[in-house]
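Structure, as structure tokens:
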Amino acid sequence: MAQVEASVAPGKHAAALAALAQPEAGLTPAMLVERARAMRPLLREQQEASDQRGYYSDEIHQAIARNGFYRILQPKLFGGYEMDFVTFAKVIMEISQGHPSSGWCYTLAASHALLVGSHWSEEAQRELFGPTGDFRSPHRAAPAGTFRRVDGGFTVSGVWSYSSGVPVSTHFIGGGLIPGPDGKPRMVNFVVPREKFTILQDWGGGAALGMEGSGSHSVKLTDVFVPDRHFTSWNVLLTLDDFSEGTPGTRLHGNPMYLGVVGGAYHTTFGAMLTGTARAALEEYEDIIRTKKVLGNPNMLRMNDPEHQRAFGKAMALTDTAEAATLAAAQMYMDQCNRWAEDGTPVMPADTLKLWSLAQQASLLACDAVELLFHTGGATAANRGQKLQRYFRDVQMYRVHPSSQPVVGTLRGQAQLGLPVAFGSPPGD
């Protein structure tokens with residue numbers, strides 16, 4: 001369809017734009033994954049310190065930046081590598097295997113370049129990605145705060161909790177409610193740079209059960225002016241209002257990935273984080289059963305005990321399935337975007353919820369694997385400071401996260417049956 005092809009090809013103006021230089025030309029997906037794998041020892045070494053601090057160290061942050069991980073989904077026009085969600089998921093798995101909550105912190109800081117690259121105007125993207133392409137931001141989607149209309153924008157005040165990744169970020173994306181053209185409240189997203197908000201010290205050091213190094217601090221804004229061009233509609237989670245012209249991102253970057261129906265893609269990142277957590281737990285469990293004896297039988301290592309063998313084998317199968325489902329879901333997002341580019345097929349709520357529910361089941365399987373290993377890992381594995389205990393606590397934070405709740409099944413059933421999808425307020429990051 002000519003109209004759709006035009007909507008994903010850069011216009012004459014966009015084609016003539018000078019792109020920011022990538023920090024490392026020639027970087028490949030395989031190189032990124034291998035670099036992430038090589039970071040595991042450093043991440044492991046600093047697990048406890050990161051949990052106490054609430055986020056990873058500047059040493060880790062600089063290594064992540066130097067290796068190109070923050071720019072995986074960022075548009076090439078603004079110095080990014082513009083790779084696909086499958087590559088991003090694989091890198092998340094490797095970092096999370098080194099330290100799950102560092103994986104969470106990294107992911108929620110790095111993933112939202114796709115959101116901005118999809119839905120903000122060219123002018124706003126140039127401002128937000130800046131002259132060097134240095135951009136990282138959490139996205140606290142649940143609406144909060146107060147918005148007072150002023151000339152050219154809004155003055156914004158409020159507190160947005162659980163802003164995962166904010167300590168290592170350059171910006172903050174928040175959700176809010178402002179009056180629409182009809183006077184009724186409408187949901188929006190807005191972006192503010194780091195110098196305009198305060199990070200509250202309410203995360204890490206035992207403030208939560210798990211994922212203590214995820215940087216899930218609250219963000220406070222006090223009478224911050226946000227220009228109109230730094231706002232966009234929130235209605236991008238399950239579908240778009242109109243697919244005929246694509247999005248600012250598909251028109252500017254010529255890549256259907258920037259269609260940016262983010263609900264499904266966002267949830268694949270949880271599958272990646274939790275698969276990495278399960279891999280870390282498998283490593284720890286294998287070390288335990290190879291070195292410790294069976295209770296009541298000092299002559300038998302646990303690795304020779306059928307019950308421990310069974311638990312280990314089942315956990316491996318659960319983790320392998322979680323990984324396969326996560327990568328399939330990540331590819332599904334790319335396929336949905338490419339299908340729209342090829343023939344104009346919109347991404348409907350049923351499509352997004354199929355992806356979301358697949359990613360959710362992957363995450364739950366990974367949680368099951370970690371819990372099985374913890375329950376059979378012996379009493380000492382429950383001691384504070386033990387890695388298996390940390391990983392068990394970490395997966396509980398997904399169990400209570402809005403994205404893991406049974407309502408996802410209800411929503412998918414509604415979509416399949418042709419009923420209105422009764423989705424209320426958005427899930428938080």
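Every chain in the structure tokens takes a letter, A first, then B, and so on in the order presented; its residues are numbered from 1, and the ligands are numbered from 1 following the presented order.
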
Taking 4 positions as the minimum chain separation for residues in the same chain, which residues sit within 8 Å of region 350-366 of chain A when counting only C-alpha atoms? Answer as a VMD selection string.
chain A and resid 238 to 239 261 263 to 265 267 to 268 270 to 272 274 to 275 277 to 278 318 to 319 321 to 323 325 to 326 329 332 to 333 336 370 399 403 to 404 408 to 409 411 to 412 415 to 416

Saved selection, atoms kept: C-alpha atoms, as an mmCIF file, in the first residue's frame:
data_model
loop_
_atom_site.group_PDB
_atom_site.id
_atom_site.type_symbol
_atom_site.label_atom_id
_atom_site.label_comp_id
_atom_site.auth_asym_id
_atom_site.auth_seq_id
_atom_site.Cartn_x
_atom_site.Cartn_y
_atom_site.Cartn_z
ATOM 1 C CA LEU A 238 -2.717 -1.449 23.422
ATOM 2 C CA THR A 239 -3.285 0.244 20.052
ATOM 3 C CA VAL A 261 2.410 0.260 20.557
ATOM 4 C CA GLY A 263 2.153 -2.549 25.954
ATOM 5 C CA GLY A 264 3.338 -5.855 24.585
ATOM 6 C CA ALA A 265 6.934 -4.882 23.939
ATOM 7 C CA HIS A 267 6.253 -6.696 29.011
ATOM 8 C CA THR A 268 8.814 -8.736 27.104
ATOM 9 C CA PHE A 270 10.023 -8.515 32.334
ATOM 10 C CA GLY A 271 10.371 -11.927 30.725
ATOM 11 C CA ALA A 272 14.001 -11.104 29.959
ATOM 12 C CA LEU A 274 13.191 -12.814 35.147
ATOM 13 C CA THR A 275 14.735 -15.339 32.771
ATOM 14 C CA THR A 277 17.202 -14.144 37.364
ATOM 15 C CA ALA A 278 16.291 -17.809 36.913
ATOM 16 C CA LEU A 318 11.020 -23.891 33.142
ATOM 17 C CA THR A 319 13.820 -21.402 32.484
ATOM 18 C CA THR A 321 10.711 -22.256 28.228
ATOM 19 C CA ALA A 322 10.644 -18.779 29.760
ATOM 20 C CA GLU A 323 13.549 -17.725 27.555
ATOM 21 C CA ALA A 325 8.643 -17.522 25.094
ATOM 22 C CA THR A 326 10.269 -14.165 25.886
ATOM 23 C CA ALA A 329 7.231 -12.359 22.217
ATOM 24 C CA MET A 332 6.220 -10.873 17.734
ATOM 25 C CA TYR A 333 6.409 -7.142 18.442
ATOM 26 C CA GLN A 336 3.435 -6.771 14.190
ATOM 27 C CA VAL A 370 13.506 -19.660 41.127
ATOM 28 C CA ARG A 399 4.574 -11.484 41.691
ATOM 29 C CA SER A 403 1.898 -6.580 35.074
ATOM 30 C CA SER A 404 1.749 -10.042 36.620
ATOM 31 C CA VAL A 408 -4.285 -9.774 31.791
ATOM 32 C CA GLY A 409 -6.170 -13.001 31.064
ATOM 33 C CA LEU A 411 -8.422 -8.473 29.054
ATOM 34 C CA ARG A 412 -7.265 -10.965 26.461
ATOM 35 C CA ALA A 415 -10.524 -8.836 23.163
ATOM 36 C CA GLN A 416 -10.922 -12.299 21.660
#

Find the residues around Gly176 (chain A) up to 7 Å (only C-alpha atoms counted), leave out those fewer than 6 positions away in its own chain, and share them as a ChimeraX atom specification.
/A:143-145,187-189

Give me, as JSON lines, each residue of region 276-329 of chain A that comes within 6 Å of region 91-105 of chain A, together with its shortest interatomic pair and the distance in Å at one decimal, counting only C-alpha atoms, with rows ordered by chain and rising residue number.
{"residue": "A:Gly276", "atom": "CA", "partner": "A:Gln97", "partner_atom": "CA", "distance": 4.2}
{"residue": "A:Thr277", "atom": "CA", "partner": "A:Gln97", "partner_atom": "CA", "distance": 5.3}
{"residue": "A:Arg279", "atom": "CA", "partner": "A:Gln97", "partner_atom": "CA", "distance": 5.9}
{"residue": "A:Ala280", "atom": "CA", "partner": "A:Gln97", "partner_atom": "CA", "distance": 4.8}

Show me, as a Markdown table, the residues of region 35-139 of chain A having an atom within 10 Å of region 190-203 of chain A, each with the closest atom pair and its distance in Å, using only C-alpha atoms.
| residue | atom | partner | partner_atom | distance |
| --- | --- | --- | --- | --- |
| A:Asp51 | CA | A:Trp203 | CA | 9.1 |
| A:Gln52 | CA | A:Trp203 | CA | 8.9 |
| A:Arg53 | CA | A:Trp203 | CA | 8.2 |
| A:Gly54 | CA | A:Trp203 | CA | 5.5 |
| A:Tyr55 | CA | A:Trp203 | CA | 8.6 |
| A:Val116 | CA | A:Val191 | CA | 8.9 |
| A:Trp120 | CA | A:Phe190 | CA | 9.6 |
| A:Ala124 | CA | A:Val191 | CA | 9.6 |
| A:Glu127 | CA | A:Pro193 | CA | 10.0 |
| A:Leu128 | CA | A:Pro193 | CA | 7.9 |
| A:Phe135 | CA | A:Pro193 | CA | 9.5 |
| A:Arg136 | CA | A:Arg194 | CA | 9.9 |
| A:Ser137 | CA | A:Val191 | CA | 8.8 |
| A:Pro138 | CA | A:Val191 | CA | 9.9 |
| A:His139 | CA | A:Val191 | CA | 9.0 |

Would you list, as an mmCIF file with N, CA and C atoms, in the first residue's frame, the residues of region 160-251 of chain A that end up in alpha helix (DSSP H) under DSSP run on this structure's backbone?
data_model
loop_
_atom_site.group_PDB
_atom_site.id
_atom_site.type_symbol
_atom_site.label_atom_id
_atom_site.label_comp_id
_atom_site.auth_asym_id
_atom_site.auth_seq_id
_atom_site.Cartn_x
_atom_site.Cartn_y
_atom_site.Cartn_z
ATOM 1 N N PRO A 248 4.951 9.899 14.565
ATOM 2 C CA PRO A 248 6.106 10.758 14.286
ATOM 3 C C PRO A 248 7.385 9.952 14.090
ATOM 4 N N GLY A 249 7.517 8.864 14.836
ATOM 5 C CA GLY A 249 8.726 8.048 14.747
ATOM 6 C C GLY A 249 8.850 7.275 13.455
ATOM 7 N N THR A 250 7.746 6.678 12.969
ATOM 8 C CA THR A 250 7.849 5.942 11.707
ATOM 9 C C THR A 250 8.135 6.895 10.555
ATOM 10 N N ARG A 251 7.577 8.105 10.620
ATOM 11 C CA ARG A 251 7.804 9.072 9.547
ATOM 12 C C ARG A 251 9.215 9.654 9.603
#

Skipping near chain neighbours, those fewer than 5 positions away, what residues fall within 12 Å of Ala30 (chain A) using only C-alpha atoms, listed as a list in words?
Arg35, Ala36, Arg37, Met83, Val86, Thr87, Phe88, Lys90 and Val91 of chain A

Mind dumping the selected residues with C-alpha atoms as a PDB file, in the first residue's frame?
ATOM      1  CA  ARG A  35      29.758  -7.764  26.181  1.00  0.00           C
ATOM      2  CA  ALA A  36      26.759  -8.086  28.469  1.00  0.00           C
ATOM      3  CA  ARG A  37      27.794 -11.644  29.332  1.00  0.00           C
ATOM      4  CA  MET A  83      18.475  -2.587  16.952  1.00  0.00           C
ATOM      5  CA  VAL A  86      15.153  -9.480  20.416  1.00  0.00           C
ATOM      6  CA  THR A  87      18.672  -8.069  20.794  1.00  0.00           C
ATOM      7  CA  PHE A  88      17.517  -5.867  23.650  1.00  0.00           C
ATOM      8  CA  LYS A  90      19.099 -10.927  25.104  1.00  0.00           C
ATOM      9  CA  VAL A  91      21.211  -8.152  26.640  1.00  0.00           C
TER      10      VAL A  91
END

Find the spatial neighbours of Ala315 (chain A), counting only C-alpha atoms, within a cut-off of 8 Å - ignore same-chain residues fewer than 4 positions away - and output them as a PyMOL selection string.
chain A and resi 282+311+319+368-370+372-373

Which residues, written as a VMD selection string, have at least one atom at most 9 Å from Arg290 (chain A), with only C-alpha atoms counted and residues fewer than 6 positions away on the same chain left out?
chain A and resid 301 to 304

Atom-to-atom span, CA of Tyr391 (chain A) and CA of Ala142 (chain A), Å:
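Between CA of Tyr391 (chain A) and CA of Ala142 (chain A) the gap works out to 27.1 Å.
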
Can you tell me, as a list in words, what residues are no more than 7 Å from Leu73 (chain A) when counting only C-alpha atoms, ignoring any on the same chain fewer than 6 positions away?
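Returned residues: Gly80, Tyr81, Glu82, Met83, Asp84, Ser111, Ala113 and Leu114 of chain A.
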
Which residue, A:Ala341, A:Ala141, A:Leu209, A:Ile60, has the smallest gap to Arg390 (chain A) when you use only C-alpha atoms?
A:Leu209

Test item, strand (DSSP E) assignment across region 59-272 of chain A, answer as number ranges by chain
A: 139-143, 146-150, 153-160, 171-179, 185-193, 198-199, 219-227, 231-233

Export, as a CSV table (one decimal), in the first residue's frame, the selected residues with N, CA and C atoms.
chain,number,residue,atom,x,y,z
A,139,HIS,N,9.7,5.4,33.0
A,139,HIS,CA,8.4,5.9,32.6
A,139,HIS,C,7.4,5.4,33.7
A,140,ARG,N,7.0,6.3,34.5
A,140,ARG,CA,6.0,6.0,35.5
A,140,ARG,C,4.6,6.4,34.9
A,141,ALA,N,4.0,5.4,34.3
A,141,ALA,CA,2.8,5.7,33.5
A,141,ALA,C,1.6,6.0,34.3
A,142,ALA,N,1.4,5.5,35.5
A,142,ALA,CA,0.2,5.8,36.3
A,142,ALA,C,0.1,7.3,36.5
A,143,PRO,N,-1.1,7.9,36.2
A,143,PRO,CA,-1.2,9.3,36.3
A,143,PRO,C,-1.1,9.8,37.8
A,146,THR,N,-0.3,17.4,39.7
A,146,THR,CA,-1.3,18.4,39.3
A,146,THR,C,-0.7,19.2,38.1
A,147,PHE,N,-1.6,19.7,37.2
A,147,PHE,CA,-1.1,20.4,36.0
A,147,PHE,C,-1.9,21.7,35.9
A,148,ARG,N,-1.2,22.8,35.9
A,148,ARG,CA,-1.8,24.1,35.8
A,148,ARG,C,-1.4,24.7,34.4
A,149,ARG,N,-2.4,25.0,33.7
A,149,ARG,CA,-2.2,25.6,32.3
A,149,ARG,C,-1.6,26.9,32.4
A,150,VAL,N,-0.5,27.1,31.6
A,150,VAL,CA,0.1,28.4,31.5
A,150,VAL,C,0.5,28.6,30.0
A,153,GLY,N,2.4,25.7,27.8
A,153,GLY,CA,2.5,24.4,28.4
A,153,GLY,C,1.8,24.3,29.7
A,154,PHE,N,2.4,23.6,30.6
A,154,PHE,CA,1.8,23.4,32.0
A,154,PHE,C,2.9,23.5,33.0
A,155,THR,N,2.5,24.0,34.2
A,155,THR,CA,3.3,23.9,35.4
A,155,THR,C,2.9,22.7,36.1
A,156,VAL,N,3.8,21.8,36.4
A,156,VAL,CA,3.6,20.5,36.9
A,156,VAL,C,4.2,20.3,38.3
A,157,SER,N,3.4,19.7,39.2
A,157,SER,CA,3.9,19.4,40.6
A,157,SER,C,3.3,18.0,40.9
A,158,GLY,N,4.1,17.3,41.8
A,158,GLY,CA,3.6,16.0,42.2
A,158,GLY,C,4.7,15.0,42.5
A,159,VAL,N,4.4,13.9,43.0
A,159,VAL,CA,5.3,12.8,43.2
A,159,VAL,C,4.9,11.6,42.4
A,160,TRP,N,5.8,11.0,41.7
A,160,TRP,CA,5.6,9.7,40.9
A,160,TRP,C,6.5,8.6,41.6
A,171,HIS,N,16.5,11.9,32.1
A,171,HIS,CA,15.2,12.5,32.0
A,171,HIS,C,14.2,11.6,32.8
A,172,PHE,N,13.0,12.1,32.9
A,172,PHE,CA,11.9,11.4,33.6
A,172,PHE,C,10.6,11.5,32.7
A,173,ILE,N,10.0,10.4,32.4
A,173,ILE,CA,8.7,10.4,31.7
A,173,ILE,C,7.6,10.0,32.7
A,174,GLY,N,6.6,10.9,32.9
A,174,GLY,CA,5.5,10.6,33.8
A,174,GLY,C,4.2,10.6,33.1
A,175,GLY,N,3.2,10.1,33.8
A,175,GLY,CA,1.8,10.1,33.3
A,175,GLY,C,1.0,11.1,34.1
A,176,GLY,N,0.0,11.6,33.5
A,176,GLY,CA,-0.9,12.6,34.1
A,176,GLY,C,-2.2,12.7,33.5
A,177,LEU,N,-3.1,13.5,34.1
A,177,LEU,CA,-4.4,13.8,33.5
A,177,LEU,C,-4.5,15.3,33.3
A,178,ILE,N,-4.9,15.7,32.1
A,178,ILE,CA,-5.1,17.1,31.8
A,178,ILE,C,-6.4,17.3,31.1
A,179,PRO,N,-7.0,18.4,31.1
A,179,PRO,CA,-8.3,18.6,30.4
A,179,PRO,C,-8.2,18.4,28.9
A,185,PRO,N,-11.1,14.9,31.4
A,185,PRO,CA,-9.7,14.6,31.6
A,185,PRO,C,-9.2,13.6,30.6
A,186,ARG,N,-8.0,13.8,30.1
A,186,ARG,CA,-7.4,12.9,29.2
A,186,ARG,C,-6.0,12.5,29.7
A,187,MET,N,-5.6,11.3,29.4
A,187,MET,CA,-4.3,10.8,30.0
A,187,MET,C,-3.2,11.2,29.0
A,188,VAL,N,-2.0,11.7,29.6
A,188,VAL,CA,-0.9,12.1,28.8
A,188,VAL,C,0.4,11.6,29.4
A,189,ASN,N,1.4,11.6,28.6
A,189,ASN,CA,2.8,11.4,29.0
A,189,ASN,C,3.5,12.7,28.8
A,190,PHE,N,4.5,13.0,29.7
A,190,PHE,CA,5.3,14.2,29.6
A,190,PHE,C,6.7,13.8,29.9
A,191,VAL,N,7.7,14.6,29.5
A,191,VAL,CA,9.1,14.4,29.7
A,191,VAL,C,9.7,15.7,30.4
A,192,VAL,N,10.6,15.4,31.4
A,192,VAL,CA,11.3,16.6,32.0
A,192,VAL,C,12.8,16.1,32.1
A,193,PRO,N,13.7,17.0,31.9
A,193,PRO,CA,15.1,16.7,32.1
A,193,PRO,C,15.5,16.6,33.6
A,198,THR,N,13.5,16.1,41.5
A,198,THR,CA,14.2,15.6,42.7
A,198,THR,C,14.0,14.1,42.8
A,199,ILE,N,15.0,13.3,43.1
A,199,ILE,CA,14.9,11.9,43.3
A,199,ILE,C,14.8,11.7,44.9
A,219,VAL,N,10.0,10.2,42.2
A,219,VAL,CA,10.4,11.4,41.6
A,219,VAL,C,9.5,12.6,42.0
A,220,LYS,N,10.0,13.7,42.4
A,220,LYS,CA,9.2,14.8,42.8
A,220,LYS,C,9.4,16.0,41.9
A,221,LEU,N,8.3,16.6,41.4
A,221,LEU,CA,8.4,17.8,40.6
A,221,LEU,C,7.7,18.9,41.4
A,222,THR,N,8.2,20.1,41.4
A,222,THR,CA,7.6,21.3,42.1
A,222,THR,C,7.6,22.4,41.2
A,223,ASP,N,6.4,22.8,40.7
A,223,ASP,CA,6.2,23.9,39.8
A,223,ASP,C,7.2,23.9,38.7
A,224,VAL,N,7.2,22.8,38.0
A,224,VAL,CA,8.1,22.6,36.8
A,224,VAL,C,7.3,23.0,35.6
A,225,PHE,N,7.9,23.9,34.8
A,225,PHE,CA,7.3,24.2,33.5
A,225,PHE,C,7.6,23.1,32.5
A,226,VAL,N,6.6,22.5,31.8
A,226,VAL,CA,6.8,21.6,30.8
A,226,VAL,C,6.1,22.1,29.5
A,227,PRO,N,6.8,22.3,28.5
A,227,PRO,CA,6.2,22.9,27.2
A,227,PRO,C,5.3,21.9,26.6
A,231,PHE,N,4.7,17.0,25.7
A,231,PHE,CA,3.6,16.1,26.1
A,231,PHE,C,3.2,15.3,24.9
A,232,THR,N,2.6,14.1,25.1
A,232,THR,CA,2.0,13.3,24.1
A,232,THR,C,0.9,12.5,24.7
A,233,SER,N,0.1,11.9,23.9
A,233,SER,CA,-1.0,11.1,24.3
A,233,SER,C,-0.5,9.8,25.0

Which residues are near Gln386 (chain A)? Cut-off 12 Å, only C-alpha atoms, ignore same chain within fewer than 3 positions. Put them as a list in words.
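Near neighbours after the sequence-gap exclusion: Arg44, Gln47, Glu48, Ala281, Glu284, Tyr285, Ile288, Phe374, Gly377, Gly378, Ala379, Thr380, Ala381, Ala382, Asn383, Gln389, Arg390, Tyr391, Phe392 and Arg393 of chain A.
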